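K.L.:
I am sharing data.txt, which consists of compact mmCIF, C-alpha atoms:
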```txt
# COMPACT_ATOMS: atom_id res chain seq x y z
CA GLY A 1 -63.71 -44.57 69.95
CA SER A 2 -64.81 -40.94 69.62
CA GLU A 3 -61.23 -39.68 70.07
CA MET A 4 -60.13 -41.61 66.97
CA CYS A 5 -63.13 -40.26 65.05
CA ILE A 6 -62.09 -36.68 65.76
CA ARG A 7 -58.47 -37.40 64.85
CA ASP A 8 -59.55 -38.99 61.56
CA ARG A 9 -62.01 -36.26 60.69
CA TYR A 10 -59.85 -33.20 61.35
CA LYS A 11 -56.23 -33.03 60.24
CA ARG A 12 -55.89 -29.31 60.94
CA VAL A 13 -57.65 -27.14 63.52
CA VAL A 14 -57.42 -23.39 64.16
CA PHE A 15 -57.99 -21.97 67.65
CA ARG A 16 -58.50 -18.24 68.04
CA SER A 17 -57.70 -16.81 71.46
CA ASP A 18 -56.28 -13.76 73.16
CA HIS A 19 -52.65 -13.52 74.26
CA GLU A 20 -53.09 -15.26 77.62
CA THR A 21 -50.17 -17.45 78.69
CA ALA A 22 -52.39 -20.27 79.98
CA ILE A 23 -54.26 -20.57 76.66
CA SER A 24 -51.00 -20.54 74.68
CA ALA A 25 -49.57 -23.30 76.93
CA LEU A 26 -52.73 -25.38 76.49
CA LEU A 27 -52.53 -25.09 72.70
CA ARG A 28 -48.83 -26.06 72.72
CA GLU A 29 -49.64 -29.16 74.80
CA LEU A 30 -52.53 -30.03 72.48
CA GLY A 31 -50.15 -29.74 69.52
CA ARG A 32 -47.74 -32.21 71.16
CA SER A 33 -50.39 -34.80 72.04
CA TRP A 34 -52.54 -34.65 68.89
CA HIS A 35 -51.47 -36.06 65.54
CA GLY A 36 -53.04 -33.28 63.46
CA GLU A 37 -51.89 -29.71 62.98
CA VAL A 38 -52.89 -27.18 65.66
CA VAL A 39 -52.79 -23.59 64.44
CA PRO A 40 -53.05 -20.96 67.21
CA GLU A 41 -54.51 -17.71 65.88
CA GLU A 42 -54.28 -14.74 68.18
CA ALA A 43 -56.97 -12.10 68.17
CA ALA A 44 -55.76 -8.57 67.52
CA THR A 45 -54.90 -6.74 70.75
CA GLY A 46 -57.49 -4.16 71.71
CA ASP A 47 -59.85 -5.19 68.89
CA PRO A 48 -62.88 -7.02 70.31
CA GLN A 49 -64.33 -7.30 66.78
CA SER A 50 -61.59 -9.75 65.80
CA ASN A 51 -62.82 -12.25 68.38
CA GLY A 52 -66.52 -11.53 67.87
CA ALA A 53 -68.11 -14.85 68.88
CA ALA A 54 -66.23 -14.99 72.18
CA GLU A 55 -66.94 -11.33 72.91
CA ASN A 56 -70.65 -11.88 72.21
CA ALA A 57 -70.71 -14.89 74.54
CA VAL A 58 -69.07 -12.87 77.33
CA LYS A 59 -71.54 -10.00 76.80
CA LEU A 60 -74.47 -12.43 76.86
CA LEU A 61 -73.26 -14.13 80.07
CA LYS A 62 -72.65 -10.80 81.83
CA GLY A 63 -76.19 -9.69 80.97
CA ARG A 64 -77.69 -12.90 82.34
CA VAL A 65 -75.60 -12.63 85.53
CA ARG A 66 -76.72 -9.02 86.04
CA THR A 67 -80.35 -10.05 85.55
CA LEU A 68 -80.14 -12.93 88.05
CA LYS A 69 -78.34 -10.77 90.63
CA ASP A 70 -80.80 -7.86 90.22
CA ALA A 71 -83.82 -10.18 90.49
CA LEU A 72 -82.42 -11.83 93.62
CA GLU A 73 -81.68 -8.47 95.25
CA PHE A 74 -85.19 -7.23 94.41
CA ASN A 75 -86.84 -10.37 95.79
CA LEU A 76 -84.74 -10.40 98.98
CA GLY A 77 -84.88 -6.64 99.48
CA ALA A 78 -81.14 -6.67 100.16
CA GLU A 79 -77.90 -6.29 98.24
CA VAL A 80 -75.78 -9.31 97.31
CA PRO A 81 -72.16 -8.29 98.00
CA PRO A 82 -69.71 -8.95 95.14
CA THR A 83 -67.66 -11.12 97.55
CA SER A 84 -70.64 -13.34 98.41
CA GLY A 85 -70.36 -17.04 97.69
CA LEU A 86 -73.62 -16.62 95.77
CA MET A 87 -71.79 -14.92 92.90
CA SER A 88 -70.13 -18.13 91.67
CA LEU A 89 -73.52 -19.89 91.82
CA ILE A 90 -75.14 -17.01 89.91
CA PHE A 91 -72.54 -17.36 87.12
CA LYS A 92 -73.13 -21.11 86.97
CA GLN A 93 -76.90 -20.67 86.80
CA ALA A 94 -76.62 -17.95 84.13
CA ALA A 95 -74.82 -20.37 81.80
CA SER A 96 -77.05 -23.30 82.73
CA SER A 97 -80.31 -21.41 82.19
CA TYR A 98 -79.10 -20.34 78.73
CA ARG A 99 -78.35 -23.97 77.78
CA HIS A 100 -81.67 -25.26 79.08
CA PHE A 101 -84.13 -22.54 78.06
CA VAL A 102 -82.99 -20.30 75.18
CA VAL A 103 -84.60 -21.56 71.99
CA GLY A 104 -82.60 -21.19 68.79
CA ALA A 105 -83.75 -20.66 65.19
CA ASP A 106 -84.17 -24.45 64.84
CA GLY A 107 -86.74 -24.48 67.67
CA ARG A 108 -84.41 -26.33 70.06
CA THR A 109 -82.33 -25.32 73.07
CA PRO A 110 -78.57 -26.00 73.22
CA GLN A 111 -79.29 -28.78 75.74
CA GLU A 112 -81.77 -30.42 73.34
CA ARG A 113 -79.17 -30.28 70.57
CA ASN A 114 -76.61 -31.95 72.87
CA ILE A 115 -78.76 -34.79 74.19
CA GLY A 116 -81.06 -35.20 71.19
CA ARG A 117 -84.37 -34.86 73.06
CA ARG A 118 -86.52 -32.29 74.85
CA HIS A 119 -85.64 -31.72 78.50
CA ARG A 120 -87.73 -29.48 80.77
CA PRO A 121 -86.46 -29.77 84.36
CA ALA A 122 -88.43 -28.48 87.34
CA VAL A 123 -87.05 -25.12 88.41
CA ALA A 124 -87.70 -22.19 90.70
CA GLU A 125 -86.19 -18.69 90.68
CA PHE A 126 -82.54 -18.44 91.65
CA GLY A 127 -82.27 -18.15 95.45
CA GLU A 128 -85.91 -19.02 96.05
CA SER A 129 -86.71 -20.88 99.27
CA VAL A 130 -87.99 -24.36 98.31
CA TRP A 131 -88.75 -27.75 99.78
CA TRP A 132 -86.49 -30.48 98.40
CA MET A 133 -86.48 -34.25 98.70
CA PRO A 134 -83.14 -35.93 99.46
CA LEU A 135 -81.97 -38.48 96.93
CA GLN A 136 -82.86 -41.99 98.00
CA THR A 137 -80.12 -44.60 97.82
CA THR A 138 -79.88 -48.15 99.08
CA ALA A 139 -77.99 -46.82 102.12
CA THR A 140 -80.37 -43.92 102.83
CA LYS A 141 -84.05 -44.78 102.55
CA LEU A 142 -86.64 -42.07 103.09
CA PRO A 143 -89.03 -42.66 106.00
CA PRO A 144 -92.32 -44.17 104.76
CA LEU A 145 -94.50 -42.01 107.04
CA GLY A 146 -92.15 -39.25 108.14
CA ALA A 147 -91.35 -35.89 106.58
CA ARG A 148 -89.83 -36.42 103.13
CA PHE A 149 -88.99 -32.81 102.26
CA GLU A 150 -86.41 -30.45 103.74
CA GLU A 151 -85.92 -26.68 103.42
CA GLY A 152 -83.30 -25.07 101.20
CA PHE A 153 -82.68 -22.52 98.44
CA PHE A 154 -82.83 -23.35 94.72
CA VAL A 155 -79.57 -22.31 93.01
CA GLY A 156 -79.70 -24.09 89.68
CA LEU A 157 -79.44 -27.32 87.76
CA ALA A 158 -76.70 -29.91 88.18
CA GLU A 159 -74.48 -30.23 85.12
CA GLY A 160 -75.01 -33.37 83.06
CA SER A 161 -78.05 -34.67 84.96
CA SER A 162 -81.71 -33.95 85.62
CA GLU A 163 -81.01 -33.01 89.23
CA SER A 164 -81.42 -29.63 90.91
CA LEU A 165 -78.87 -27.88 93.11
CA VAL A 166 -80.16 -26.70 96.48
CA LEU A 167 -78.19 -24.66 99.01
CA THR A 168 -78.74 -25.64 102.65
CA PRO A 169 -77.12 -24.47 105.90
CA THR A 170 -74.88 -27.56 105.68
CA GLY A 171 -73.84 -27.03 102.05
CA LEU A 172 -74.84 -27.63 98.43
CA VAL A 173 -76.94 -30.73 97.72
CA ARG A 174 -78.30 -32.43 94.61
CA CYS A 175 -81.90 -33.59 94.43
CA ARG A 176 -84.42 -34.72 91.84
CA THR A 177 -87.55 -33.26 93.39
CA ILE A 178 -88.25 -29.69 94.50
CA ARG A 179 -91.52 -28.09 95.53
CA ARG A 180 -92.14 -24.37 95.44
CA ARG A 181 -93.39 -22.73 98.61
CA PRO A 182 -96.44 -20.42 98.80
CA LEU A 183 -95.78 -16.93 97.38
CA GLY A 184 -95.36 -15.26 100.78
CA GLU A 185 -92.72 -17.81 101.87
CA ARG A 186 -90.45 -17.87 98.80
CA TRP A 187 -87.87 -15.25 99.80
CA ASN A 188 -85.74 -15.37 102.91
CA LYS A 189 -82.66 -13.29 103.75
CA ASP A 190 -81.17 -16.33 105.54
CA LEU A 191 -79.77 -17.17 102.11
CA LEU A 192 -77.28 -14.31 102.49
CA ASP A 193 -76.16 -15.60 105.90
CA ILE A 194 -75.40 -19.06 104.50
CA THR A 195 -73.15 -17.67 101.76
CA SER A 196 -71.39 -14.82 103.58
```
Transcribe the structure of this file into structure tokens.

P.N.:
Amino acid sequence: GSEMCIRDRYKRVVFRSDHETAISALLRELGRSWHGEVVPEEAATGDPQSNGAAENAVKLLKGRVRTLKDALEFNLGAEVPPTSGLMSLIFKQAASSYRHFVVGADGRTPQERNIGRRHRPAVAEFGESVWWMPLQTTATKLPPLGARFEEGFFVGLAEGSSESLVLTPTGLVRCRTIRRRPLGERWNKDLLDITS
């Protein structure tokens, strides 16, 4: 359905990229499998201005990553090593938070433009210690009178759903419900031990 729509709408597309072999191979493969004309346009070597939109996106993402990392280090009172497993989660959250919360000139976020409606998920700060409720399935029912929440660390939003990502000592889990802890209990250096 939608694949035919794109093929019918665009007979010629231009992709601007740098000189990376992987990108060139991808564009060649796209040219072989698509019925329209694929025109690879290479950005000038050493001239970031010629690929302005991509350079701006990289600059924006780096700034958001720096901010998340600095805030986490301040809150934990400890440095996050560049080799920490947290770094990949920080990058993921930097992109996700931009999509969900940066409002454009039209008054909508990129996520709202994609799904066509307002979406305000429950969040905490990156790395914050939270209580989370496991997802309930037909195979795993939550106890009616027992503890329903477990401890973990909020690390972002799951792509393509309204679920949160929580890091636990046993790994990364998805959940729909998180609860923030009291102010004095929100930051715990155990997070660094889990991801070292």

K.L.:
Using only C-alpha atoms, what table do you get, as a tab-separated table, when you list each residue of stretch 76-133 of chain A with an atom no more than 7 Å from stretch 62-72 of chain A, its nearest pair of atoms, and their distance in Å rounded to one decimal, rows by chain then rising number?

P.N.:
```
residue	atom	partner	partner_atom	distance
A:Leu76	CA	A:Leu72	CA	6.0
A:Ile90	CA	A:Val65	CA	6.2
A:Phe91	CA	A:Val65	CA	5.9
A:Ala94	CA	A:Arg64	CA	5.5
A:Phe126	CA	A:Leu72	CA	6.9
A:Gly127	CA	A:Leu72	CA	6.6
```

K.L.:
Could the residues in this selection be saved with C-alpha atoms as a JSON list (two decimals), in the frame of the given file?

P.N.:
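result19.json written:
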```json
[["chain", "number", "residue", "atom", "x", "y", "z"],
["A", 76, "LEU", "CA", -84.74, -10.40, 98.98],
["A", 90, "ILE", "CA", -75.14, -17.01, 89.91],
["A", 91, "PHE", "CA", -72.54, -17.36, 87.12],
["A", 94, "ALA", "CA", -76.62, -17.95, 84.13],
["A", 126, "PHE", "CA", -82.54, -18.44, 91.65],
["A", 127, "GLY", "CA", -82.27, -18.15, 95.45]]
```

K.L.:
Near stretch 97-100 of chain A, counting all atoms listed in the file, which residues have an atom at most 8 Å away, once you skip same-chain residues fewer than 2 positions from it, shown as a ChimeraX atom specification?

P.N.:
/A:93-95,102,109-112,119-120,156

K.L.:
Using all atoms listed in the file, which residues sit within 12 Å of A:Gly184 once same-chain residues fewer than 4 positions away are excluded, as a ChimeraX atom specification?

P.N.:
/A:75-76,128-130,180,188

K.L.:
Leaving out A:Glu37 and any residue of its chain fewer than 5 positions from it, which residues lie within 12 Å of it when counting all atoms listed in the file, given as an MDAnalysis selection string?

P.N.:
chainID A and resid 7 10:15 27:28 30:32

K.L.:
Measure the distance from atom CA of A:Ser84 to atom CA of A:Glu55 in Å and round it to one decimal.

P.N.:
25.8 Å

K.L.:
Choose the residue, out of A:Leu89, A:Met133, A:Val166, A:Val80, that has the smallest atom-to-atom separation from A:Leu192; count all atoms listed in the file.

P.N.:
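Answer, going by the shortest atom-to-atom distance: A:Val80.
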
K.L.:
Go through A:Ala122, A:Ile194, A:Val155, A:Ala22 and flag the residue nearest A:Arg179, using all atoms listed in the file for the distances.

P.N.:
A:Ala122

K.L.:
Could you tell me how far atom CA of A:Pro134 lies from atom CA of A:Arg181, in Å and to one decimal?

P.N.:
16.7 Å

K.L.:
Using only the atoms of stretch 89-99 of chain A listed in the file, plus 3 Å on each side, state the axis-aligned box centre and edge lengths in Å rounded to one decimal, as lines of an AutoDock Vina configuration file.

P.N.:
```
center_x = -76.4
center_y = -20.5
center_z = 84.8
size_x = 13.8
size_y = 13.0
size_z = 20.0
```
